[in-house]
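Taking it in order: structure first as structure tokens, then the write-up.
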Amino acid sequence: MKIRGVWAHNFHQELSQFDHCLHRFPVISFDTEFPGFLRDTPRDALEDQRYEDVKFNVESLKLLQLGFTLSDAHGNIGGTWEFHLSGFNEKSDPHVVASISLLKRNGLDFARLGQFGISVAEFVFGFLRVLRIHRGLHDLTWVCFHGLYDLAYLLKLLTQKPLPDSVVMFAKALGVVFGTIYDVKFMARYCRGFFGGEIGLARVAKLLDVERSGEAHQAGSDSLLTAAVFSKMNATFRSVAGMSQGCLYGISPTIVRYWQPAPVILRRPCFPVAAPRVYGARLIHSPILPTYVHM
């Protein structure tokens, strides 16, 4: 499976292909790459402390790569896109040296990223425009592996706002912006022989006899492997998805979808008319996508 590299020069062309593909393949498996963790969280940390560390790290660092693989309910793959974002400066922006070194060893070219990457503003405007269309047309399902940080970065990116102040509000915001979410690492805890889910993506793939395309620690390759693992896991353990919808490894609140697709005229946005209150937040009408504001 080809992984389509997306840079500033081909962003609009590839986003158009992504948009077209999303009509037939509405399951979005995704991964992110970012420059490490400034604050490490102990394994035995309480949930509030864990989320506080997530919020601190995500708001302190810049996103580098986004990988999206589109598939259908039967596991057929429509395509994989790897979006490279500009804006990170290794000399001046906060980062963890070991994390940058790892990404470089796995093929991330930081010089090219800075020179030819997509501006954050351009990506957000274009990507939200695509999501606005498809939210009104059909269900979108988002799939990640150990996706707490991936979702936090994507939420910050798409809303262009700080993360919510509490883990409960965070989970509610994910339900508003994304809707249906599956975390494959959480799903693995219900699969016999998967060590209660306490293993990484590569080990899960090996147990399911799923092969990787591309390099590890590249967002496109990781999203493609996540999609393949999700499909194989659903085929092998048929009841797992039903027990895991909206559950994210590392936090306890369940993510609940707060919108329903409705019949619309093609390429016309469709958002809730009423503004439901959600854990101290409310939906506001936006020309691009509903978002939340603190009350």
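Ordering of the structure tokens sets the chain letters (A, B, ...); residue numbers start at 1 within each chain; ligands are numbered from 1 in the order shown.
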Each segment 138-247 of chain A residue no farther than 12 Å from segment 72-90 of chain A, nearest pair in Å, only C-alpha atoms, as JSON lines:
```
{"residue": "A:Asp139", "atom": "CA", "partner": "A:Ala73", "partner_atom": "CA", "distance": 11.1}
{"residue": "A:Leu140", "atom": "CA", "partner": "A:Asp72", "partner_atom": "CA", "distance": 10.2}
{"residue": "A:Thr141", "atom": "CA", "partner": "A:Ala73", "partner_atom": "CA", "distance": 9.5}
{"residue": "A:Trp142", "atom": "CA", "partner": "A:Asp72", "partner_atom": "CA", "distance": 11.6}
{"residue": "A:Val143", "atom": "CA", "partner": "A:Asp72", "partner_atom": "CA", "distance": 11.9}
{"residue": "A:Leu157", "atom": "CA", "partner": "A:Leu85", "partner_atom": "CA", "distance": 11.2}
{"residue": "A:Ser213", "atom": "CA", "partner": "A:Thr80", "partner_atom": "CA", "distance": 10.7}
{"residue": "A:Gly214", "atom": "CA", "partner": "A:Thr80", "partner_atom": "CA", "distance": 11.2}
{"residue": "A:His217", "atom": "CA", "partner": "A:Glu82", "partner_atom": "CA", "distance": 11.9}
{"residue": "A:Gln218", "atom": "CA", "partner": "A:Glu82", "partner_atom": "CA", "distance": 8.3}
{"residue": "A:Ala219", "atom": "CA", "partner": "A:Glu82", "partner_atom": "CA", "distance": 6.3}
{"residue": "A:Gly220", "atom": "CA", "partner": "A:Glu82", "partner_atom": "CA", "distance": 4.7}
{"residue": "A:Ser221", "atom": "CA", "partner": "A:Thr80", "partner_atom": "CA", "distance": 8.2}
{"residue": "A:Asp222", "atom": "CA", "partner": "A:Glu82", "partner_atom": "CA", "distance": 10.0}
{"residue": "A:Ser223", "atom": "CA", "partner": "A:Thr80", "partner_atom": "CA", "distance": 7.7}
{"residue": "A:Leu224", "atom": "CA", "partner": "A:Thr80", "partner_atom": "CA", "distance": 6.5}
{"residue": "A:Leu225", "atom": "CA", "partner": "A:Thr80", "partner_atom": "CA", "distance": 10.3}
{"residue": "A:Thr226", "atom": "CA", "partner": "A:Gly75", "partner_atom": "CA", "distance": 11.1}
{"residue": "A:Ala227", "atom": "CA", "partner": "A:Gly75", "partner_atom": "CA", "distance": 7.6}
{"residue": "A:Ala228", "atom": "CA", "partner": "A:Gly75", "partner_atom": "CA", "distance": 7.1}
{"residue": "A:Val229", "atom": "CA", "partner": "A:Gly75", "partner_atom": "CA", "distance": 9.4}
{"residue": "A:Phe230", "atom": "CA", "partner": "A:Gly75", "partner_atom": "CA", "distance": 8.1}
{"residue": "A:Ser231", "atom": "CA", "partner": "A:Gly75", "partner_atom": "CA", "distance": 5.0}
{"residue": "A:Lys232", "atom": "CA", "partner": "A:Gly75", "partner_atom": "CA", "distance": 7.9}
{"residue": "A:Met233", "atom": "CA", "partner": "A:Gly75", "partner_atom": "CA", "distance": 10.4}
{"residue": "A:Asn234", "atom": "CA", "partner": "A:Gly75", "partner_atom": "CA", "distance": 9.1}
{"residue": "A:Ala235", "atom": "CA", "partner": "A:His74", "partner_atom": "CA", "distance": 8.9}
{"residue": "A:Ala241", "atom": "CA", "partner": "A:Ala73", "partner_atom": "CA", "distance": 12.0}
```
Which segment 44-122 of chain A residues have any atom within 9 Å of an atom of segment 166-171 of chain A, and for each, what is the nearest pair of atoms with distance in Å to one decimal, counting only C-alpha atoms, rows sorted by chain and number, as a Markdown table?
```
| residue | atom | partner | partner_atom | distance |
| --- | --- | --- | --- | --- |
| A:Glu47 | CA | A:Val167 | CA | 8.0 |
| A:Asp48 | CA | A:Val167 | CA | 6.9 |
| A:Tyr51 | CA | A:Val167 | CA | 6.0 |
| A:Glu52 | CA | A:Ser166 | CA | 7.9 |
```
Put those residues in a file: N, CA and C atoms, as a compact mmCIF listing (two decimals), in the first residue's frame.
```txt
# COMPACT_ATOMS: atom_id res chain seq x y z
N GLU A 47 -5.32 9.84 37.74
CA GLU A 47 -5.82 10.28 36.44
C GLU A 47 -5.71 11.79 36.25
N ASP A 48 -6.02 12.55 37.27
CA ASP A 48 -5.93 14.01 37.14
C ASP A 48 -4.51 14.46 36.85
N TYR A 51 -3.65 13.59 33.19
CA TYR A 51 -4.21 14.54 32.23
C TYR A 51 -3.50 15.89 32.32
N GLU A 52 -3.14 16.30 33.51
CA GLU A 52 -2.41 17.56 33.66
C GLU A 52 -1.10 17.50 32.88
```
Problem set entry | Residue neighbourhood segment 203-207 of chain A, 8 Å, only C-alpha atoms, exclusion window fewer than 2 positions, as an MDAnalysis selection string | chainID A and resid 188 194 199:201 209:211 225 229
Problem set entry | Contact residues around segment 6-17 of chain A with only C-alpha atoms at 12 Å, ignoring same-chain residues under 5 positions, as a VMD selection string | chain A and resid 22 to 25 64 to 68 70 78 to 86 112 to 131 219 to 220
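Minimum distance to Cys21 of chain A across A:His134, A:Glu59, A:Val256, A:Asp44 (counting only C-alpha atoms) occurs at A:His134.
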For this session: From the DSSP assignment of the backbone, select every residue of segment 24-193 of chain A that is helix (DSSP H, G or I), and format the answer as an MDAnalysis selection string.
Result: chainID A and resid 47:60 97:105 110:116 120:137 148:159 167:177 184:188
The selected residues should be written to file as a CSV table (one decimal), in the first residue's frame (atoms: C-alpha atoms).
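For reference, out.csv as written:
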```csv
chain,number,residue,atom,x,y,z
A,47,GLU,CA,-5.8,10.3,36.4
A,48,ASP,CA,-5.9,14.0,37.1
A,49,GLN,CA,-2.1,14.1,37.3
A,50,ARG,CA,-1.9,12.2,34.0
A,51,TYR,CA,-4.2,14.5,32.2
A,52,GLU,CA,-2.4,17.6,33.7
A,53,ASP,CA,0.8,16.2,32.1
A,54,VAL,CA,-0.9,15.6,28.8
A,55,LYS,CA,-2.2,19.1,28.8
A,56,PHE,CA,1.2,20.6,29.7
A,57,ASN,CA,3.1,18.5,27.0
A,58,VAL,CA,0.6,19.1,24.2
A,59,GLU,CA,0.3,22.8,24.8
A,60,SER,CA,4.1,23.2,25.1
A,97,VAL,CA,16.6,15.5,22.1
A,98,ALA,CA,16.3,11.8,22.2
A,99,SER,CA,12.8,11.9,20.6
A,100,ILE,CA,14.1,14.1,17.7
A,101,SER,CA,17.1,11.7,17.2
A,102,LEU,CA,14.7,8.7,17.1
A,103,LEU,CA,12.5,10.5,14.4
A,104,LYS,CA,15.6,11.3,12.4
A,105,ARG,CA,16.8,7.7,12.5
A,110,PHE,CA,13.6,18.2,9.7
A,111,ALA,CA,15.2,20.5,7.2
A,112,ARG,CA,12.7,19.5,4.5
A,113,LEU,CA,9.9,19.7,7.0
A,114,GLY,CA,10.8,23.4,7.8
A,115,GLN,CA,11.2,24.3,4.1
A,116,PHE,CA,8.4,22.4,2.4
A,120,VAL,CA,-0.7,24.9,10.3
A,121,ALA,CA,-3.2,27.5,9.3
A,122,GLU,CA,-3.6,26.1,5.8
A,123,PHE,CA,-3.9,22.6,7.0
A,124,VAL,CA,-6.5,23.4,9.6
A,125,PHE,CA,-8.7,25.4,7.2
A,126,GLY,CA,-8.5,22.8,4.5
A,127,PHE,CA,-9.0,19.7,6.7
A,128,LEU,CA,-11.9,21.2,8.7
A,129,ARG,CA,-13.6,22.1,5.4
A,130,VAL,CA,-13.4,18.4,4.4
A,131,LEU,CA,-14.7,17.2,7.9
A,132,ARG,CA,-17.5,19.7,7.7
A,133,ILE,CA,-18.8,18.1,4.6
A,134,HIS,CA,-18.6,14.6,5.8
A,135,ARG,CA,-20.0,15.1,9.2
A,136,GLY,CA,-23.3,16.0,7.6
A,137,LEU,CA,-23.2,13.1,5.1
A,148,LEU,CA,-4.6,9.8,24.3
A,149,TYR,CA,-1.8,12.1,23.0
A,150,ASP,CA,-2.8,11.7,19.4
A,151,LEU,CA,-6.3,12.9,20.1
A,152,ALA,CA,-5.1,15.7,22.4
A,153,TYR,CA,-2.8,17.1,19.7
A,154,LEU,CA,-5.5,16.7,17.0
A,155,LEU,CA,-8.1,18.4,19.2
A,156,LYS,CA,-5.7,21.3,19.9
A,157,LEU,CA,-4.9,21.6,16.2
A,158,LEU,CA,-8.5,21.6,14.9
A,159,THR,CA,-10.0,23.9,17.6
A,167,VAL,CA,-10.2,15.1,31.8
A,168,VAL,CA,-14.0,15.0,32.0
A,169,MET,CA,-14.3,18.1,29.8
A,170,PHE,CA,-11.6,16.7,27.5
A,171,ALA,CA,-13.6,13.5,26.9
A,172,LYS,CA,-16.7,15.5,26.2
A,173,ALA,CA,-14.9,17.8,23.8
A,174,LEU,CA,-13.6,14.7,21.9
A,175,GLY,CA,-17.2,13.5,21.6
A,176,VAL,CA,-18.3,16.9,20.2
A,177,VAL,CA,-15.5,17.2,17.7
A,184,VAL,CA,-7.0,-0.4,19.7
A,185,LYS,CA,-4.8,-0.6,22.8
A,186,PHE,CA,-7.9,-0.5,25.0
A,187,MET,CA,-9.6,-3.1,22.8
A,188,ALA,CA,-6.6,-5.4,23.2
```
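Atom pair atom CA of Gly246 of chain A / atom CA of Tyr258 of chain A has a distance of 11.8 Å (rounded to one decimal).
Every residue of segment 30-206 of chain A with a DSSP assignment of strand (DSSP E), taken from the backbone, is listed as Phe30, Asp31, Thr32, Glu33, Gln65, Leu66, Gly67, Phe68, Thr69, Leu70, Ser71, Ile77, Gly78, Gly79, Thr80, Trp81, Glu82, Phe83, His84, Thr141, Trp142, Val143, Cys144, Thr180, Ile181, Tyr182 and Asp183 of chain A.
Among the candidate residues A:Asp109, A:Leu46, A:Gly5, A:Gly179, the one lying nearest to Ile28 of chain A is A:Gly179, with distances computed using only C-alpha atoms.
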